[in-house]
file data_20.cif (mmCIF, C-alpha atoms)
data_entry
#
loop_
_atom_site.group_PDB
_atom_site.id
_atom_site.type_symbol
_atom_site.label_atom_id
_atom_site.label_comp_id
_atom_site.auth_asym_id
_atom_site.auth_seq_id
_atom_site.Cartn_x
_atom_site.Cartn_y
_atom_site.Cartn_z
ATOM 1 C CA MET T 1 -92.445 240.804 139.942
ATOM 2 C CA THR T 2 -90.216 243.845 139.404
ATOM 3 C CA THR T 3 -88.899 244.321 135.875
ATOM 4 C CA SER T 4 -86.180 246.520 134.444
ATOM 5 C CA ILE T 5 -84.783 247.430 131.036
ATOM 6 C CA GLY T 6 -81.209 246.625 130.088
ATOM 7 C CA ILE T 7 -79.496 248.226 127.088
ATOM 8 C CA ASP T 8 -76.148 247.114 125.664
ATOM 9 C CA ILE T 9 -74.471 249.527 123.233
ATOM 10 C CA GLY T 10 -71.640 248.183 121.117
ATOM 11 C CA GLY T 11 -69.775 249.233 118.033
ATOM 12 C CA THR T 12 -72.234 247.396 115.765
ATOM 13 C CA LYS T 13 -75.486 246.921 117.679
ATOM 14 C CA VAL T 14 -77.803 248.341 120.322
ATOM 15 C CA SER T 15 -79.573 245.458 122.022
ATOM 16 C CA GLY T 16 -82.119 245.625 124.779
ATOM 17 C CA GLY T 17 -84.447 243.560 126.899
ATOM 18 C CA VAL T 18 -86.953 243.682 129.717
ATOM 19 C CA LEU T 19 -85.755 241.458 132.563
ATOM 20 C CA ASP T 20 -87.098 240.132 135.827
ATOM 21 C CA ALA T 21 -85.235 240.197 139.150
ATOM 22 C CA ASP T 22 -83.571 236.838 138.400
ATOM 23 C CA GLY T 23 -81.951 238.102 135.200
ATOM 24 C CA ARG T 24 -84.367 236.376 132.826
ATOM 25 C CA ILE T 25 -85.061 238.180 129.549
ATOM 26 C CA LEU T 26 -88.819 238.474 129.089
ATOM 27 C CA VAL T 27 -88.905 240.466 125.843
ATOM 28 C CA ARG T 28 -86.076 241.763 123.669
ATOM 29 C CA THR T 29 -85.212 243.811 120.591
ATOM 30 C CA ARG T 30 -82.149 245.256 118.847
ATOM 31 C CA ARG T 31 -81.017 247.799 116.279
ATOM 32 C CA ASP T 32 -77.831 248.292 114.325
ATOM 33 C CA THR T 33 -75.618 250.992 115.803
ATOM 34 C CA PRO T 34 -75.927 254.023 113.523
ATOM 35 C CA ASP T 35 -72.950 254.940 111.385
ATOM 36 C CA ARG T 36 -70.534 257.280 113.088
ATOM 37 C CA SER T 37 -71.565 260.890 113.158
ATOM 38 C CA ASN T 38 -70.367 264.115 114.667
ATOM 39 C CA ALA T 39 -73.815 264.321 116.273
ATOM 40 C CA PRO T 40 -73.994 261.900 119.243
ATOM 41 C CA ARG T 41 -77.763 262.271 119.188
ATOM 42 C CA VAL T 42 -78.059 259.697 116.389
ATOM 43 C CA VAL T 43 -77.009 256.933 118.790
ATOM 44 C CA GLU T 44 -79.152 258.356 121.575
ATOM 45 C CA ASP T 45 -82.151 258.397 119.218
ATOM 46 C CA THR T 46 -81.590 254.693 118.640
ATOM 47 C CA ILE T 47 -81.367 253.973 122.382
ATOM 48 C CA VAL T 48 -84.653 255.792 122.997
ATOM 49 C CA GLU T 49 -86.303 253.905 120.116
ATOM 50 C CA VAL T 50 -85.195 250.584 121.609
ATOM 51 C CA ILE T 51 -86.458 251.524 125.075
ATOM 52 C CA GLU T 52 -89.831 252.679 123.794
ATOM 53 C CA GLU T 53 -90.205 249.511 121.730
ATOM 54 C CA LEU T 54 -89.368 247.383 124.762
ATOM 55 C CA ARG T 55 -92.026 249.136 126.820
ATOM 56 C CA ARG T 56 -94.560 248.483 124.083
ATOM 57 C CA LEU T 57 -93.524 244.842 123.734
ATOM 58 C CA ALA T 58 -93.770 244.357 127.495
ATOM 59 C CA ASP T 59 -97.281 245.774 127.476
ATOM 60 C CA GLU T 60 -98.302 243.543 124.566
ATOM 61 C CA ALA T 61 -96.857 240.480 126.325
ATOM 62 C CA ASP T 62 -98.665 241.366 129.583
ATOM 63 C CA VAL T 63 -95.307 241.807 131.335
ATOM 64 C CA GLU T 64 -95.148 244.204 134.261
ATOM 65 C CA ALA T 65 -94.060 247.671 133.119
ATOM 66 C CA PRO T 66 -90.320 248.183 133.725
ATOM 67 C CA SER T 67 -89.439 250.657 136.463
ATOM 68 C CA THR T 68 -85.758 251.350 135.696
ATOM 69 C CA VAL T 69 -83.319 251.523 132.779
ATOM 70 C CA GLY T 70 -79.705 250.389 132.905
ATOM 71 C CA VAL T 71 -77.365 251.197 130.016
ATOM 72 C CA GLY T 72 -74.042 249.513 129.328
ATOM 73 C CA ALA T 73 -72.006 251.745 127.012
ATOM 74 C CA ALA T 74 -68.941 250.736 124.993
ATOM 75 C CA GLY T 75 -66.662 253.507 126.179
ATOM 76 C CA PHE T 76 -64.906 255.193 129.089
ATOM 77 C CA VAL T 77 -67.632 256.059 131.611
ATOM 78 C CA ALA T 78 -66.661 258.701 134.170
ATOM 79 C CA ALA T 79 -66.845 258.125 137.914
ATOM 80 C CA ASP T 80 -70.116 260.081 138.033
ATOM 81 C CA ARG T 81 -71.620 257.214 135.968
ATOM 82 C CA SER T 82 -73.442 259.683 133.790
ATOM 83 C CA THR T 83 -70.815 260.892 131.299
ATOM 84 C CA VAL T 84 -69.174 258.882 128.510
ATOM 85 C CA VAL T 85 -65.713 260.438 128.405
ATOM 86 C CA PHE T 86 -64.543 258.676 125.255
ATOM 87 C CA ALA T 87 -65.900 255.907 123.044
ATOM 88 C CA PRO T 88 -63.314 254.652 120.521
ATOM 89 C CA HIS T 89 -65.938 253.026 118.298
ATOM 90 C CA LEU T 90 -68.671 255.679 118.666
ATOM 91 C CA SER T 91 -68.864 259.465 118.404
ATOM 92 C CA TRP T 92 -69.166 260.252 122.130
ATOM 93 C CA ARG T 93 -66.640 262.673 123.605
ATOM 94 C CA ASN T 94 -67.481 263.894 127.138
ATOM 95 C CA GLU T 95 -71.090 263.090 126.320
ATOM 96 C CA PRO T 96 -73.561 263.614 129.235
ATOM 97 C CA LEU T 97 -75.444 260.453 128.287
ATOM 98 C CA ARG T 98 -77.612 260.065 131.391
ATOM 99 C CA GLU T 99 -78.781 263.661 131.145
ATOM 100 C CA ALA T 100 -79.378 263.364 127.396
ATOM 101 C CA LEU T 101 -81.525 260.274 127.871
ATOM 102 C CA GLY T 102 -83.168 261.573 131.039
ATOM 103 C CA THR T 103 -84.693 264.529 129.216
ATOM 104 C CA ARG T 104 -86.471 262.088 126.881
ATOM 105 C CA LEU T 105 -87.490 259.262 129.212
ATOM 106 C CA ASP T 106 -89.610 259.157 132.361
ATOM 107 C CA LEU T 107 -87.679 256.337 134.056
ATOM 108 C CA PRO T 108 -84.621 256.358 136.371
ATOM 109 C CA ILE T 109 -81.489 255.724 134.272
ATOM 110 C CA SER T 110 -78.195 254.107 135.246
ATOM 111 C CA ILE T 111 -75.082 254.298 133.032
ATOM 112 C CA ASP T 112 -72.050 252.025 133.230
ATOM 113 C CA ASN T 113 -69.344 250.600 131.027
ATOM 114 C CA ASP T 114 -70.638 247.663 128.982
ATOM 115 C CA ALA T 115 -67.967 245.267 130.268
ATOM 116 C CA ASN T 116 -68.775 246.198 133.881
ATOM 117 C CA ALA T 117 -72.377 245.338 133.106
ATOM 118 C CA ALA T 118 -71.406 242.041 131.493
ATOM 119 C CA LEU T 119 -69.260 240.963 134.440
ATOM 120 C CA TRP T 120 -71.990 241.923 136.883
ATOM 121 C CA ALA T 121 -74.405 239.627 135.023
ATOM 122 C CA GLU T 122 -71.945 236.741 135.229
ATOM 123 C CA HIS T 123 -71.217 237.497 138.902
ATOM 124 C CA ARG T 124 -74.884 237.712 139.885
ATOM 125 C CA PHE T 125 -76.331 234.930 137.764
ATOM 126 C CA GLY T 126 -73.690 233.199 135.617
ATOM 127 C CA ALA T 127 -70.199 231.797 135.218
ATOM 128 C CA ALA T 128 -68.594 233.903 138.001
ATOM 129 C CA ARG T 129 -71.361 233.412 140.546
ATOM 130 C CA GLY T 130 -69.793 232.956 143.967
ATOM 131 C CA ALA T 131 -66.379 234.279 142.891
ATOM 132 C CA THR T 132 -65.007 237.095 145.027
ATOM 133 C CA HIS T 133 -62.180 238.036 142.628
ATOM 134 C CA ALA T 134 -63.089 237.884 138.950
ATOM 135 C CA MET T 135 -62.233 239.561 135.681
ATOM 136 C CA MET T 136 -64.185 239.840 132.448
ATOM 137 C CA ILE T 137 -62.717 240.100 128.963
ATOM 138 C CA THR T 138 -65.230 241.048 126.280
ATOM 139 C CA LEU T 139 -64.097 240.378 122.731
ATOM 140 C CA GLY T 140 -66.175 242.248 120.202
ATOM 141 C CA THR T 141 -65.305 245.067 117.815
ATOM 142 C CA GLY T 142 -62.542 245.783 120.339
ATOM 143 C CA ILE T 143 -61.717 244.492 123.822
ATOM 144 C CA GLY T 144 -63.461 245.589 126.981
ATOM 145 C CA GLY T 145 -62.804 244.479 130.523
ATOM 146 C CA ALA T 146 -64.065 244.607 134.076
ATOM 147 C CA ILE T 147 -62.845 243.757 137.565
ATOM 148 C CA ILE T 148 -64.536 242.451 140.692
ATOM 149 C CA VAL T 149 -62.576 242.484 143.950
ATOM 150 C CA GLY T 150 -64.194 241.366 147.173
ATOM 151 C CA GLY T 151 -67.499 240.963 145.381
ATOM 152 C CA HIS T 152 -67.599 244.596 144.232
ATOM 153 C CA LEU T 153 -67.012 246.180 140.835
ATOM 154 C CA VAL T 154 -63.775 248.160 140.689
ATOM 155 C CA ARG T 155 -64.278 251.242 138.520
ATOM 156 C CA GLY T 156 -61.143 253.188 139.482
ATOM 157 C CA ARG T 157 -60.725 256.727 140.771
ATOM 158 C CA TYR T 158 -61.929 258.236 137.493
ATOM 159 C CA GLY T 159 -64.335 255.455 136.511
ATOM 160 C CA ILE T 160 -62.194 254.109 133.672
ATOM 161 C CA ALA T 161 -60.667 250.946 135.190
ATOM 162 C CA GLY T 162 -60.828 247.819 133.067
ATOM 163 C CA GLU T 163 -59.899 249.241 129.662
ATOM 164 C CA PHE T 164 -57.606 246.283 129.111
ATOM 165 C CA GLY T 165 -57.954 246.457 125.340
ATOM 166 C CA HIS T 166 -55.682 249.487 125.340
ATOM 167 C CA MET T 167 -52.765 247.895 127.161
ATOM 168 C CA GLN T 168 -49.756 247.938 124.859
ATOM 169 C CA VAL T 169 -48.653 244.401 123.951
ATOM 170 C CA VAL T 170 -46.616 245.138 120.799
ATOM 171 C CA PRO T 171 -44.477 248.315 120.966
ATOM 172 C CA GLY T 172 -44.870 250.247 117.729
ATOM 173 C CA GLY T 173 -47.485 247.765 116.518
ATOM 174 C CA GLN T 174 -50.826 248.189 114.770
ATOM 175 C CA ARG T 175 -52.400 251.628 115.059
ATOM 176 C CA CYS T 176 -55.405 251.643 117.413
ATOM 177 C CA GLU T 177 -58.481 253.854 117.316
ATOM 178 C CA CYS T 178 -57.592 255.125 120.809
ATOM 179 C CA GLY T 179 -54.616 256.897 119.204
ATOM 180 C CA ASN T 180 -51.822 254.571 120.335
ATOM 181 C CA ARG T 181 -50.014 251.679 118.673
ATOM 182 C CA GLY T 182 -49.795 248.025 119.624
ATOM 183 C CA CYS T 183 -52.892 247.859 121.824
ATOM 184 C CA TRP T 184 -54.108 244.416 122.873
ATOM 185 C CA GLU T 185 -57.379 244.786 120.987
ATOM 186 C CA GLN T 186 -55.462 245.121 117.741
ATOM 187 C CA TYR T 187 -54.375 241.482 118.155
ATOM 188 C CA SER T 188 -57.244 239.750 119.954
ATOM 189 C CA SER T 189 -60.658 241.072 118.910
ATOM 190 C CA GLY T 190 -63.271 240.802 116.207
ATOM 191 C CA ASN T 191 -61.590 243.566 114.247
ATOM 192 C CA ALA T 192 -58.245 241.775 114.463
ATOM 193 C CA LEU T 193 -59.785 238.498 113.289
ATOM 194 C CA VAL T 194 -61.388 240.132 110.259
ATOM 195 C CA ARG T 195 -58.291 242.209 109.443
ATOM 196 C CA GLU T 196 -56.088 239.118 109.347
ATOM 197 C CA ALA T 197 -58.569 237.149 107.235
ATOM 198 C CA ARG T 198 -58.972 239.973 104.737
ATOM 199 C CA GLY T 199 -55.201 240.464 104.632
ATOM 200 C CA LEU T 200 -54.726 236.838 103.613
ATOM 201 C CA ALA T 201 -57.410 237.153 100.962
ATOM 202 C CA MET T 202 -56.059 240.415 99.532
ATOM 203 C CA ALA T 203 -52.584 238.879 99.362
ATOM 204 C CA ASN T 204 -54.091 236.197 97.111
ATOM 205 C CA SER T 205 -53.003 233.521 99.567
ATOM 206 C CA PRO T 206 -54.273 230.067 98.645
ATOM 207 C CA MET T 207 -54.979 229.624 102.346
ATOM 208 C CA ALA T 208 -57.923 232.006 101.936
ATOM 209 C CA THR T 209 -59.502 230.213 98.967
ATOM 210 C CA ASP T 210 -62.147 228.363 100.937
ATOM 211 C CA LEU T 211 -63.008 231.389 103.067
ATOM 212 C CA LEU T 212 -63.418 233.540 99.969
ATOM 213 C CA ALA T 213 -65.722 230.946 98.451
ATOM 214 C CA HIS T 214 -68.196 231.718 101.232
ATOM 215 C CA VAL T 215 -68.391 235.386 100.177
ATOM 216 C CA GLY T 216 -68.244 235.161 96.407
ATOM 217 C CA GLY T 217 -64.570 236.103 96.254
ATOM 218 C CA ASP T 218 -65.019 239.507 97.921
ATOM 219 C CA PRO T 219 -62.571 239.989 100.848
ATOM 220 C CA ALA T 220 -64.562 242.980 102.122
ATOM 221 C CA SER T 221 -67.492 240.644 102.786
ATOM 222 C CA LEU T 222 -65.561 238.511 105.268
ATOM 223 C CA THR T 223 -66.959 238.919 108.791
ATOM 224 C CA GLY T 224 -66.087 237.606 112.211
ATOM 225 C CA PRO T 225 -69.203 235.412 112.581
ATOM 226 C CA MET T 226 -68.605 233.923 109.128
ATOM 227 C CA ILE T 227 -64.998 233.077 110.013
ATOM 228 C CA THR T 228 -66.145 231.509 113.278
ATOM 229 C CA GLU T 229 -68.746 229.375 111.518
ATOM 230 C CA ALA T 230 -66.147 228.272 108.960
ATOM 231 C CA ALA T 231 -63.817 227.249 111.791
ATOM 232 C CA LYS T 232 -66.566 225.251 113.465
ATOM 233 C CA ALA T 233 -67.128 223.501 110.119
ATOM 234 C CA GLY T 234 -63.464 222.531 110.008
ATOM 235 C CA ASP T 235 -61.917 225.173 107.735
ATOM 236 C CA ALA T 236 -58.210 224.941 108.581
ATOM 237 C CA THR T 237 -57.436 228.601 107.880
ATOM 238 C CA ALA T 238 -60.334 229.838 109.990
ATOM 239 C CA VAL T 239 -59.188 227.557 112.820
ATOM 240 C CA GLU T 240 -55.666 228.980 112.521
ATOM 241 C CA LEU T 241 -56.934 232.563 112.558
ATOM 242 C CA LEU T 242 -58.947 231.942 115.730
ATOM 243 C CA ALA T 243 -55.966 230.204 117.324
ATOM 244 C CA GLU T 244 -53.865 233.320 116.674
ATOM 245 C CA ILE T 245 -56.517 235.508 118.300
ATOM 246 C CA GLY T 246 -56.612 233.015 121.182
ATOM 247 C CA HIS T 247 -52.830 233.137 121.578
ATOM 248 C CA TRP T 248 -52.912 236.899 122.027
ATOM 249 C CA LEU T 249 -55.851 236.529 124.394
ATOM 250 C CA GLY T 250 -53.687 234.263 126.562
ATOM 251 C CA VAL T 251 -50.808 236.768 126.494
ATOM 252 C CA GLY T 252 -53.006 239.533 127.841
ATOM 253 C CA ILE T 253 -54.660 237.319 130.450
ATOM 254 C CA ALA T 254 -51.244 236.255 131.801
ATOM 255 C CA ASN T 255 -50.324 239.932 132.196
ATOM 256 C CA LEU T 256 -53.594 240.648 134.007
ATOM 257 C CA ALA T 257 -53.107 237.659 136.303
ATOM 258 C CA ALA T 258 -49.665 238.998 137.225
ATOM 259 C CA ALA T 259 -51.204 242.324 138.175
ATOM 260 C CA LEU T 260 -54.468 241.367 139.899
ATOM 261 C CA ASP T 261 -54.458 237.601 140.604
ATOM 262 C CA PRO T 262 -58.181 236.795 140.123
ATOM 263 C CA GLU T 263 -59.659 233.328 140.586
ATOM 264 C CA ILE T 264 -61.513 233.342 137.274
ATOM 265 C CA PHE T 265 -61.436 235.040 133.866
ATOM 266 C CA VAL T 266 -64.776 235.128 132.080
ATOM 267 C CA ILE T 267 -64.568 235.567 128.303
ATOM 268 C CA GLY T 268 -67.574 237.152 126.621
ATOM 269 C CA GLY T 269 -68.482 239.247 123.604
ATOM 270 C CA GLY T 270 -69.319 238.145 120.089
ATOM 271 C CA VAL T 271 -65.944 236.506 119.370
ATOM 272 C CA SER T 272 -66.432 234.182 122.355
ATOM 273 C CA ALA T 273 -69.011 232.325 120.247
ATOM 274 C CA ALA T 274 -66.003 230.419 118.883
ATOM 275 C CA GLY T 275 -65.840 228.563 122.215
ATOM 276 C CA ASP T 276 -62.872 226.248 122.703
ATOM 277 C CA LEU T 277 -61.507 227.077 119.236
ATOM 278 C CA LEU T 278 -60.614 230.394 120.872
ATOM 279 C CA LEU T 279 -60.299 229.453 124.539
ATOM 280 C CA ASP T 280 -58.049 226.387 124.244
ATOM 281 C CA PRO T 281 -55.237 228.370 122.541
ATOM 282 C CA ALA T 282 -55.729 231.100 125.162
ATOM 283 C CA ARG T 283 -55.461 228.564 127.991
ATOM 284 C CA ASP T 284 -52.313 227.052 126.445
ATOM 285 C CA THR T 285 -50.585 230.425 126.124
ATOM 286 C CA PHE T 286 -51.734 231.501 129.590
ATOM 287 C CA ALA T 287 -50.276 228.317 131.100
ATOM 288 C CA ARG T 288 -46.931 228.971 129.362
ATOM 289 C CA GLN T 289 -46.697 232.668 130.246
ATOM 290 C CA LEU T 290 -48.183 232.896 133.750
ATOM 291 C CA PRO T 291 -45.473 234.253 136.075
ATOM 292 C CA GLY T 292 -44.510 231.665 138.676
ATOM 293 C CA ARG T 293 -46.303 228.917 136.755
ATOM 294 C CA GLY T 294 -46.196 225.602 138.537
ATOM 295 C CA TYR T 295 -45.795 227.251 141.939
ATOM 296 C CA ARG T 296 -49.034 229.200 142.272
ATOM 297 C CA PRO T 297 -52.751 228.642 141.775
ATOM 298 C CA ALA T 298 -53.836 229.507 138.225
ATOM 299 C CA ALA T 299 -57.092 231.234 137.431
ATOM 300 C CA SER T 300 -59.628 229.381 135.337
ATOM 301 C CA ILE T 301 -60.591 230.726 131.893
ATOM 302 C CA VAL T 302 -64.247 230.135 131.049
ATOM 303 C CA ALA T 303 -66.809 231.281 128.532
ATOM 304 C CA ALA T 304 -69.481 233.700 129.677
ATOM 305 C CA ARG T 305 -72.708 231.855 130.402
ATOM 306 C CA PHE T 306 -74.830 234.579 128.863
ATOM 307 C CA GLY T 307 -72.758 235.187 125.740
ATOM 308 C CA PRO T 308 -73.774 238.369 123.941
ATOM 309 C CA ASP T 309 -76.678 238.878 126.371
ATOM 310 C CA ALA T 310 -74.416 239.467 129.386
ATOM 311 C CA GLY T 311 -74.191 243.232 128.839
ATOM 312 C CA LEU T 312 -77.922 243.895 128.781
ATOM 313 C CA ILE T 313 -78.583 241.488 131.688
ATOM 314 C CA GLY T 314 -75.977 243.177 133.867
ATOM 315 C CA ALA T 315 -77.063 246.673 132.856
ATOM 316 C CA ALA T 316 -80.626 245.880 133.896
ATOM 317 C CA ALA T 317 -79.458 244.449 137.230
ATOM 318 C CA LEU T 318 -77.217 247.436 137.961
ATOM 319 C CA GLY T 319 -80.003 249.850 137.058
ATOM 320 C CA ALA T 320 -82.470 248.099 139.351
ATOM 321 C CA GLU T 321 -79.999 247.816 142.241
ATOM 322 C CA GLU T 322 -79.073 251.483 142.016
ATOM 323 C CA GLN T 323 -82.664 252.411 142.836
ATOM 324 C CA VAL T 324 -82.902 250.141 145.897
#

call {"tool": "encode", "arguments": {"input": "data_20.cif", "output": "structure tokens"}}
result
Amino acid sequence: MTTSIGIDIGGTKVSGGVLDADGRILVRTRRDTPDRSNAPRVVEDTIVEVIEELRRLADEADVEAPSTVGVGAAGFVAADRSTVVFAPHLSWRNEPLREALGTRLDLPISIDNDANAALWAEHRFGAARGATHAMMITLGTGIGGAIIVGGHLVRGRYGIAGEFGHMQVVPGGQRCECGNRGCWEQYSSGNALVREARGLAMANSPMATDLLAHVGGDPASLTGPMITEAAKAGDATAVELLAEIGHWLGVGIANLAAALDPEIFVIGGGVSAAGDLLLDPARDTFARQLPGRGYRPAASIVAARFGPDAGLIGAAALGAEEQV
């Protein structure tokens, strides 16, 4: 049995696992993503710590020692698949990540965008298995995306295809960390969900009373997972907030369908834990805004099978396949 390490780096967490050739996670661990710093090494230190812990855990569990490392990074990964050009939620700017990690690890290392890794997991083992034309939308701190055409990942001439979160959907809208205004991720992401909930609370809206009761009256303590759990428990305001995020998700998906016409959209990332509370509003908006609706096949919109694990599963698979 050949095993490989997969690492998924997001704005809030670095998660990792040792996986077999069928995408099964044999051992796992995670760390919080370090606070932003002008020294990219703080994140790289965390990645190395996670990898070394995984190797130790594999040994303790009598799992075959991993032979490769695949890293899915939340940022713009250059076509050389070794440099992170820009990471809106991290401190990397033209960071030679593969080289930086390679000097500290004795395993072959593969680097890719985290959404590419997530879609590859779903294509190889999950919700998009068998699809030749698929797209992934990852809703976390921001929005990531990935494209498969003809069964192959499309990375673009410069490696940066799939950054759907930075499509402009509201001219002159909310300021985005990428430097522009009105980006999609400012309206359909974990950050957007929390911003809207905190805005209601800070405006002393009675609609936020029940949500605030969960956090002792402190708006700053409201989080995306807490809002999702409140919605699942029937909190009307939390349900409405997720429906708004879902509406904007449907707007963006309709635009992407107009451009690339996939057969399936797979929705992953932490916000996708809301399930149909998020996806049903997205499907409704998509059905209303799809160009040529009623006269063309419409792509399906489904939840990622692997949820927040998709990134590390796909990263491990890409890392292993690169060495074949």

call {"tool": "atom_distance", "arguments": {"input": "data_20.cif", "atom1": "CA of Cys183 (chain T)", "atom2": "CA of Pro88 (chain T)"}}
result
12.5 Å

call {"tool": "atom_distance", "arguments": {"input": "data_20.cif", "atom1": "CA of His214 (chain T)", "atom2": "CA of Thr12 (chain T)"}}
result
21.8 Å

call {"tool": "residues_around", "arguments": {"input": "data_20.cif", "residues": "region 155-157 of chain T", "least_positions_apart": "2", "cutoff": "10 Å", "atoms": "only C-alpha atoms", "output": "list in words"}}
result
Val77, Ala78, Ala79, Arg81, Asp112, Asn113, Asn116, Ala146, Ile147, Ile148, His152, Leu153, Gly159, Ile160, Ala161 and Gly162 of chain T

call {"tool": "closest_residue", "arguments": {"input": "data_20.cif", "among": "T:Gln289, T:Ser221, T:Gln168, T:Asn94", "to": "Glu185 (chain T)", "atoms": "all atoms listed in the file"}}
result
T:Gln168

call {"tool": "residues_near_point", "arguments": {"input": "data_20.cif", "point": "(-55.5, 249.8, 118.1)", "cutoff": "12 Å", "atoms": "all atoms listed in the file", "output": "ChimeraX atom specification"}}
result
/T:88-89,141-143,164-189,191-192,195

call {"tool": "residues_around", "arguments": {"input": "data_20.cif", "residues": "Asp114 (chain T)", "least_positions_apart": "3", "cutoff": "8 Å", "atoms": "all atoms listed in the file", "output": "ChimeraX atom specification"}}
result
/T:8-10,71-75,117-118,144,311,315

call {"tool": "atom_distance", "arguments": {"input": "data_20.cif", "atom1": "CA of Gly250 (chain T)", "atom2": "CA of Phe125 (chain T)"}}
result
25.3 Å

call {"tool": "resolve_selection", "arguments": {"input": "data_20.cif", "expression": "the PyMOL selection byres ((chain T and resi 312) around 12)", "output": "ChimeraX atom specification"}}
result
/T:4-10,13-19,23-25,27-30,69-74,111-122,269,306-311,313-319

call {"tool": "closest_residue", "arguments": {"input": "data_20.cif", "among": "T:Ala131, T:Ala87, T:Ala282, T:Ile47", "to": "Arg104 (chain T)", "atoms": "only C-alpha atoms"}}
result
T:Ile47

call {"tool": "axis_aligned_box", "arguments": {"input": "data_20.cif", "around": "region 251-262 of chain T", "padding_each_side": "6 Å", "output": "JSON"}}
result
{"center_x": -53.9, "center_y": 239.3, "center_z": 133.5, "size_x": 20.5, "size_y": 18.1, "size_z": 26.1}

call {"tool": "residues_around", "arguments": {"input": "data_20.cif", "residues": "Ala298 (chain T)", "least_positions_apart": "6", "cutoff": "9 Å", "atoms": "all atoms listed in the file", "output": "count of residues only"}}
result
7

call {"tool": "residues_near_point", "arguments": {"input": "data_20.cif", "point": "(-65.1, 230.4, 131.1)", "cutoff": "12 Å", "atoms": "all atoms listed in the file", "output": "VMD selection string"}}
result
chain T and resid 119 122 126 to 129 134 to 138 263 to 268 272 to 273 275 to 276 278 to 280 282 to 283 299 to 307

call {"tool": "resolve_selection", "arguments": {"input": "data_20.cif", "expression": "the PyMOL selection byres ((chain T and resi 198) around 10)", "output": "compact mmCIF listing (two decimals) with C-alpha atoms, in the frame of the given file"}}
result
# COMPACT_ATOMS: atom_id res chain seq x y z
CA ALA T 192 -58.24 241.78 114.46
CA LEU T 193 -59.78 238.50 113.29
CA VAL T 194 -61.39 240.13 110.26
CA ARG T 195 -58.29 242.21 109.44
CA GLU T 196 -56.09 239.12 109.35
CA ALA T 197 -58.57 237.15 107.24
CA GLY T 199 -55.20 240.46 104.63
CA LEU T 200 -54.73 236.84 103.61
CA ALA T 201 -57.41 237.15 100.96
CA MET T 202 -56.06 240.42 99.53
CA ALA T 203 -52.58 238.88 99.36
CA ASN T 204 -54.09 236.20 97.11
CA ALA T 208 -57.92 232.01 101.94
CA LEU T 211 -63.01 231.39 103.07
CA LEU T 212 -63.42 233.54 99.97
CA ASP T 218 -65.02 239.51 97.92
CA PRO T 219 -62.57 239.99 100.85
CA ALA T 220 -64.56 242.98 102.12
CA SER T 221 -67.49 240.64 102.79
CA LEU T 222 -65.56 238.51 105.27
CA THR T 223 -66.96 238.92 108.79
